[in-house]
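**Student:** File query36.txt below, compact mmCIF, C-alpha atoms:
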```txt
# COMPACT_ATOMS: atom_id res chain seq x y z
CA MET A 27 4.81 -16.61 19.99
CA GLN A 28 1.15 -15.57 19.92
CA ALA A 29 -0.57 -14.81 16.61
CA GLN A 30 -0.83 -11.09 17.37
CA ASP A 31 2.96 -10.95 17.79
CA HIS A 32 3.47 -12.52 14.36
CA VAL A 33 3.63 -10.00 11.52
CA ALA A 34 3.52 -10.82 7.82
CA VAL A 35 5.06 -8.12 5.64
CA VAL A 36 3.82 -8.54 2.08
CA ILE A 37 5.89 -6.95 -0.66
CA PRO A 38 4.89 -6.69 -4.33
CA ALA A 39 7.98 -6.35 -6.48
CA PHE A 40 8.89 -5.96 -10.14
CA ASN A 41 12.53 -5.82 -11.21
CA GLU A 42 13.81 -5.02 -7.72
CA ALA A 43 16.76 -7.44 -7.55
CA GLU A 44 19.14 -4.61 -6.72
CA ALA A 45 17.04 -3.10 -3.93
CA LEU A 46 15.51 -6.10 -2.19
CA PRO A 47 18.38 -7.83 -0.31
CA SER A 48 19.36 -4.83 1.83
CA PHE A 49 15.72 -3.75 2.23
CA LEU A 50 14.59 -7.18 3.45
CA ALA A 51 17.54 -7.46 5.84
CA GLU A 52 16.72 -4.03 7.27
CA ILE A 53 13.06 -4.97 7.81
CA ARG A 54 14.07 -8.16 9.64
CA ALA A 55 16.44 -6.26 11.91
CA SER A 56 13.80 -3.63 12.71
CA PHE A 57 11.18 -6.19 13.72
CA ALA A 58 13.71 -8.09 15.81
CA ALA A 59 14.44 -4.84 17.65
CA VAL A 60 10.76 -4.47 18.67
CA GLY A 61 10.38 -8.13 19.61
CA ARG A 62 8.04 -9.16 16.81
CA SER A 63 8.25 -12.36 14.79
CA VAL A 64 8.12 -11.46 11.11
CA THR A 65 7.47 -13.39 7.91
CA LEU A 66 8.49 -11.57 4.71
CA ILE A 67 6.51 -12.49 1.60
CA VAL A 68 7.65 -11.17 -1.78
CA MET A 69 5.17 -11.33 -4.64
CA ASP A 70 7.28 -11.17 -7.80
CA ASP A 71 5.22 -9.76 -10.67
CA ALA A 72 7.01 -11.83 -13.36
CA SER A 73 10.18 -9.75 -13.15
CA THR A 74 12.65 -9.86 -16.02
CA ASP A 75 15.64 -9.65 -13.65
CA ASP A 76 16.71 -11.81 -10.68
CA THR A 77 14.16 -10.44 -8.20
CA SER A 78 13.05 -13.90 -7.04
CA SER A 79 16.52 -15.31 -6.49
CA ALA A 80 17.70 -12.09 -4.80
CA ALA A 81 14.82 -12.22 -2.32
CA ALA A 82 14.77 -15.98 -1.68
CA PRO A 83 17.44 -16.11 1.08
CA LEU A 84 15.46 -13.64 3.22
CA ALA A 85 11.81 -14.09 2.27
CA ASP A 86 9.15 -16.46 1.04
CA VAL A 87 8.85 -15.74 -2.68
CA VAL A 88 5.82 -16.28 -4.89
CA ARG A 89 6.40 -15.61 -8.58
CA ALA A 90 3.45 -14.73 -10.80
CA PRO A 91 3.37 -16.51 -14.17
CA VAL A 92 2.60 -13.26 -16.04
CA ASN A 93 3.06 -9.57 -15.32
CA ARG A 94 -0.21 -8.03 -14.08
CA GLY A 95 0.82 -4.65 -12.71
CA HIS A 96 1.03 -3.22 -9.22
CA GLY A 97 -2.63 -3.32 -8.17
CA PRO A 98 -3.33 -6.99 -8.89
CA THR A 99 0.10 -7.92 -7.49
CA ALA A 100 -0.61 -6.05 -4.25
CA LEU A 101 -3.91 -7.93 -3.88
CA ALA A 102 -2.14 -11.24 -4.54
CA ALA A 103 0.43 -10.31 -1.89
CA TYR A 104 -2.34 -9.53 0.60
CA ALA A 105 -3.89 -12.94 -0.13
CA GLU A 106 -0.59 -14.60 0.75
CA GLY A 107 -0.47 -12.59 3.96
CA LEU A 108 -3.97 -13.74 4.92
CA ARG A 109 -2.93 -17.35 4.34
CA SER A 110 0.12 -16.94 6.61
CA GLY A 111 -1.92 -16.93 9.83
CA ALA A 112 -0.21 -13.75 11.05
CA GLY A 113 -2.07 -11.47 13.45
CA THR A 114 -0.88 -8.33 11.63
CA ILE A 115 -0.42 -7.91 7.89
CA VAL A 116 1.72 -5.04 6.62
CA HIS A 117 2.01 -4.01 2.98
CA VAL A 118 5.03 -2.17 1.58
CA ASP A 119 6.35 -1.85 -1.96
CA GLY A 120 9.57 -3.57 -2.95
CA ASP A 121 11.41 -0.44 -4.09
CA GLY A 122 12.58 0.26 -0.53
CA GLN A 123 11.25 3.80 -0.15
CA PHE A 124 10.75 3.43 3.61
CA TYR A 125 13.07 2.75 6.52
CA GLY A 126 12.68 -0.59 8.25
CA ASP A 127 12.16 1.12 11.62
CA ASP A 128 9.18 3.06 10.22
CA ILE A 129 7.65 -0.14 8.86
CA ALA A 130 7.96 -1.75 12.30
CA ARG A 131 6.45 1.35 13.95
CA VAL A 132 3.40 1.13 11.69
CA ALA A 133 2.92 -2.53 12.61
CA VAL A 134 3.27 -1.95 16.35
CA ALA A 135 0.88 1.03 16.24
CA LEU A 136 -1.95 -1.24 15.06
CA ASP A 137 -2.21 -2.84 18.51
CA ARG A 138 -0.98 -0.01 20.70
CA ALA A 139 -3.58 2.39 19.30
CA GLU A 140 -6.39 -0.18 19.29
CA ALA A 141 -6.88 0.64 15.62
CA ASP A 142 -8.43 -1.30 12.74
CA VAL A 143 -5.99 0.18 10.22
CA VAL A 144 -2.70 2.09 10.32
CA HIS A 145 -1.49 4.20 7.40
CA GLY A 146 2.09 5.32 7.04
CA VAL A 147 1.74 8.96 5.93
CA ARG A 148 4.71 9.89 3.80
CA ARG A 149 6.72 13.04 4.51
CA GLY A 150 9.63 14.48 2.57
CA ARG A 151 8.37 13.33 -0.82
CA THR A 152 10.05 14.85 -3.86
CA ASP A 153 7.55 14.21 -6.62
CA PRO A 154 6.92 15.84 -10.02
CA TRP A 155 4.16 18.44 -10.05
CA PHE A 156 1.75 16.17 -11.89
CA ARG A 157 2.06 13.46 -9.26
CA ARG A 158 1.28 15.96 -6.51
CA CYS A 159 -1.72 17.23 -8.50
CA LEU A 160 -3.01 13.70 -9.08
CA SER A 161 -2.65 12.82 -5.39
CA GLY A 162 -4.45 16.02 -4.39
CA LEU A 163 -7.28 15.35 -6.82
CA VAL A 164 -7.79 11.83 -5.49
CA ARG A 165 -7.70 13.07 -1.90
CA PHE A 166 -10.32 15.73 -2.69
CA ALA A 167 -12.54 13.15 -4.41
CA VAL A 168 -12.35 10.85 -1.38
CA MET A 169 -13.28 13.73 0.94
CA LEU A 170 -16.33 14.52 -1.22
CA LEU A 171 -17.36 10.86 -1.34
CA CYS A 172 -16.86 10.05 2.32
CA GLY A 173 -16.84 13.28 4.28
CA ARG A 174 -13.45 12.43 5.73
CA SER A 175 -10.03 13.68 4.72
CA VAL A 176 -7.40 10.96 4.24
CA PRO A 177 -3.88 12.43 4.48
CA ASP A 178 -2.14 9.97 2.11
CA VAL A 179 -4.93 8.19 0.30
CA ASN A 180 -2.75 5.85 -1.76
CA THR A 181 0.08 5.19 0.66
CA PRO A 182 1.66 1.77 0.05
CA LEU A 183 2.64 1.39 3.74
CA ARG A 184 -0.35 0.01 5.66
CA ALA A 185 -1.04 -2.40 8.54
CA TYR A 186 -4.22 -4.42 9.00
CA HIS A 187 -5.77 -7.03 11.22
CA PRO A 188 -6.78 -10.05 9.10
CA ASP A 189 -10.54 -9.62 9.57
CA THR A 190 -10.42 -5.97 8.51
CA LEU A 191 -8.19 -6.77 5.54
CA GLN A 192 -10.43 -9.62 4.38
CA MET A 193 -13.45 -7.31 4.39
CA LEU A 194 -11.59 -4.73 2.31
CA VAL A 195 -10.21 -7.28 -0.17
CA ASP A 196 -13.68 -8.76 -0.65
CA GLY A 197 -14.95 -5.32 -1.66
CA VAL A 198 -12.69 -4.75 -4.69
CA PRO A 199 -12.29 -6.56 -8.03
CA ASP A 200 -9.45 -9.09 -8.28
CA GLY A 201 -7.70 -7.07 -10.96
CA ALA A 202 -8.14 -3.64 -9.34
CA LEU A 203 -5.65 -1.05 -10.55
CA VAL A 204 -5.73 1.06 -7.37
CA PRO A 205 -6.76 -1.22 -4.49
CA HIS A 206 -5.37 1.11 -1.83
CA VAL A 207 -7.58 3.98 -2.97
CA HIS A 208 -10.58 1.63 -2.80
CA PHE A 209 -9.45 0.55 0.67
CA SER A 210 -9.18 4.16 1.85
CA ILE A 211 -12.69 4.92 0.60
CA ALA A 212 -14.14 1.82 2.29
CA GLU A 213 -12.31 2.60 5.53
CA ALA A 214 -13.80 6.10 5.56
CA ARG A 215 -17.31 4.98 4.66
CA GLU A 216 -17.30 2.26 7.31
CA ARG A 217 -15.87 4.67 9.89
CA LEU A 218 -13.07 2.28 10.75
CA ARG A 219 -10.58 3.28 13.42
CA VAL A 220 -7.68 4.55 11.31
CA ARG A 221 -4.44 5.77 12.85
CA TYR A 222 -2.03 7.86 10.80
CA VAL A 223 1.68 7.47 11.56
CA SER A 224 4.14 9.90 10.01
CA VAL A 225 6.96 8.10 8.16
CA GLU A 226 9.85 9.30 6.03
CA SER A 227 9.75 8.78 2.27
CA ILE A 228 13.20 8.10 0.82
CA PRO A 229 14.42 7.61 -2.77
CA ARG A 230 14.02 4.15 -4.23
CA ARG A 231 16.96 1.96 -3.28
CA GLY A 232 17.60 0.46 -6.70
CA ALA A 233 19.01 2.49 -9.57
CA VAL A 234 16.82 0.69 -12.11
CA SER A 235 13.55 2.51 -12.75
CA GLN A 236 11.79 -0.23 -14.71
CA GLY A 237 8.22 -0.73 -13.64
CA THR A 238 7.61 2.87 -12.62
CA MET A 239 5.39 5.18 -14.65
CA TRP A 240 6.26 8.35 -12.76
CA GLY A 241 9.27 9.36 -14.81
CA ALA A 242 11.85 8.13 -12.29
CA GLY A 243 15.38 8.16 -13.54
CA ARG A 244 14.91 11.21 -15.75
CA THR A 245 16.97 14.28 -15.06
CA ARG A 246 14.01 16.57 -15.66
CA VAL A 247 10.35 15.66 -15.87
CA VAL A 248 8.20 18.43 -17.33
CA LEU A 249 5.11 16.62 -18.59
CA PRO A 250 3.47 13.45 -17.28
CA PRO A 251 4.52 10.32 -19.20
CA GLY A 252 1.91 8.99 -21.61
CA ARG A 253 1.80 5.71 -19.73
CA LEU A 254 0.80 7.57 -16.56
CA VAL A 255 -1.93 9.54 -18.34
CA ARG A 256 -3.46 6.34 -19.70
CA PHE A 257 -3.22 4.65 -16.29
CA ALA A 258 -4.84 7.61 -14.53
CA ALA A 259 -7.76 7.57 -16.96
CA ARG A 260 -8.31 3.86 -16.37
CA ALA A 261 -7.97 4.27 -12.60
CA PHE A 262 -10.57 7.06 -12.42
CA ALA A 263 -12.93 4.97 -14.55
CA GLU A 264 -12.44 2.12 -12.10
CA LEU A 265 -13.15 4.38 -9.12
CA TRP A 266 -16.34 5.57 -10.80
CA ARG A 267 -17.46 2.02 -11.52
CA VAL A 268 -16.59 0.47 -8.15
CA ASP A 269 -16.97 3.26 -5.59
CA ILE A 270 -19.36 5.82 -7.08
CA ARG A 271 -21.75 4.30 -9.60
CA GLY A 272 -21.64 0.73 -8.35
CA PRO A 273 -23.89 -0.51 -5.54
CA ARG A 274 -22.40 -0.15 -2.08
CA ARG A 275 -21.83 -3.54 -0.57
CA GLY A 276 -23.37 -4.20 2.80
CA ARG A 277 -20.30 -4.59 4.97
CA ALA A 278 -20.49 -5.28 8.68
CA ARG A 279 -18.68 -2.58 10.60
CA ILE A 280 -15.57 -3.71 12.41
CA SER A 281 -15.84 -0.96 15.03
CA GLY A 282 -18.48 1.26 16.53
CA ARG A 283 -16.14 4.24 16.84
CA ASP A 284 -16.88 6.98 14.32
CA ALA A 285 -13.76 9.13 14.51
CA ALA A 286 -10.35 8.21 13.12
CA LEU A 287 -7.52 8.15 15.62
CA ARG A 288 -4.86 10.73 14.85
CA GLY A 289 -1.24 10.44 15.87
```
Would you encode the structure as structure tokens?
**Tutor:**
Amino acid sequence: MQAQDHVAVVIPAFNEAEALPSFLAEIRASFAAVGRSVTLIVMDDASTDDTSSAAAPLADVVRAPVNRGHGPTALAAYAEGLRSGAGTIVHVDGDGQFYGDDIARVAVALDRAEADVVHGVRRGRTDPWFRRCLSGLVRFAVMLLCGRSVPDVNTPLRAYHPDTLQMLVDGVPDGALVPHVHFSIAEARERLRVRYVSVESIPRRGAVSQGTMWGAGRTRVVLPPGRLVRFAARAFAELWRVDIRGPRRGRARISGRDAALRG
């Protein structure tokens, strides 16, 4: 099996013992159906449940010694993917909000479209008003910064070639709160070849809502939770420091093409 046919799917997870077994099995079946070898890597962010043991029969599991939050855990998961030697690295969250077939489609599109990056653009999302407003504000800020509209700026479903991913990882702090927003900004600024693949967003597979700050599990969410407000303030401060005020790093462009591929 050639390196480009080997896919590493990296999965940050916190308290996802209920969701992971069926989700991992579905991902394996979907990649088998498209003829790709897949390595599943679960980065357990010091869960307080049995996330690691639930995932171990189906994936390589790395457990963090302390809980660091989603952003740092996603970056740690990407680092494991880079060490795997896979020709394609796919990121997806451990709450199972995507179908395995869509995850495989995103991975396959990276080569078929001759792209540097593939984003899974979520459709059918049922989010509280404040989450939609926050996403719209971030998308507008990215358009002002980069002159390019990114349909789903913080999507957790993404596929990268290792060289592209390494460049992006090198451009953000190790403890970044919102690495995917930083990635989207860098991709736009560097005029990388980005393909957008429409994927379905489904409810989280586990009933436990620990680890989320979006108000999941509540029957009615009227106002944004305080934890989310504090996180958003810290995230915007980080974007200002890293992407706006901070010096732009001199990155070598991966591709000479200026326009993103749409599909």
**Student:** Just give me the gap between atom CA of A:Leu50 and atom CA of A:Ser78 in Å, one decimal is fine.
**Tutor:**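 Atom CA of A:Leu50 sits 12.6 Å away from atom CA of A:Ser78.
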**Student:** Find the distance between atom CA of A:Ser224 and atom CA of A:Val207 and write it in Å to one decimal.
**Tutor:**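 Separation of atom CA of A:Ser224 and atom CA of A:Val207: 18.5 Å.
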**Student:** Just give me the gap between atom CA of A:Ser227 and atom CA of A:Leu183 in Å, one decimal is fine.
**Tutor:** 10.4 Å
**Student:** Looking at all atoms listed in the file, which of A:Val223, A:Leu218, A:Val204, A:Ala102 is the one that sits closest to A:Ala261?
**Tutor:** A:Val204
**Student:** For A:Ala39, which residue among A:Pro91, A:Pro229, A:Pro154, A:Gly120 is the nearest when counting only C-alpha atoms?
**Tutor:** A:Gly120
**Student:** Considering all atoms listed in the file, state which residue in the set A:Ala135, A:Ala58, A:Ala185, A:Ile67 is at the smallest distance from A:Val87.
**Tutor:**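 That would be A:Ile67, the residue with the smallest distance to A:Val87.
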**Student:** Name the residues in contact with A:Arg131 at a cut-off of 10 Å, using only C-alpha atoms, excluding same-chain residues fewer than 3 positions from it; report them as a PyMOL selection string.
**Tutor:** chain A and resi 56-57+60+126-128+134-136+144+146+185+223-225
**Student:** Around the point (-3.9, 9.1, -2.8) (coordinates from the file), which residues reach within 6 Å if we count only C-alpha atoms? Answer as a PyMOL selection string.
**Tutor:** chain A and resi 161+164-165+178-180
**Student:** Considering all atoms listed in the file, can you say which of A:Ala212, A:Arg221, A:Pro188, A:Asp76 comes closest to A:His145?
**Tutor:**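 Closest to A:His145, using all atoms listed in the file: A:Arg221.
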**Student:** Taking all atoms listed in the file into account, name the residue in A:Arg138, A:Arg253, A:Arg267, A:Arg184 that is nearest to A:Tyr222.
**Tutor:**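 Using all atoms listed in the file, A:Tyr222 sits closest to A:Arg184.
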**Student:** Counting all atoms listed in the file, find residues at most 7 Å from (9.2, -14.5, -3.0) (file frame) and give them as JSON, numbers by chain.
**Tutor:** {"A": [67, 68, 69, 70, 78, 81, 82, 85, 86, 87, 88, 89]}
**Student:** Env of A:Cys159: 12 Å cut, atoms = all atoms listed in the file, seq-sep filter 6 positions within chain, self excluded. Answer as number ranges by chain.
**Tutor:** A: 153, 165-166, 250, 258
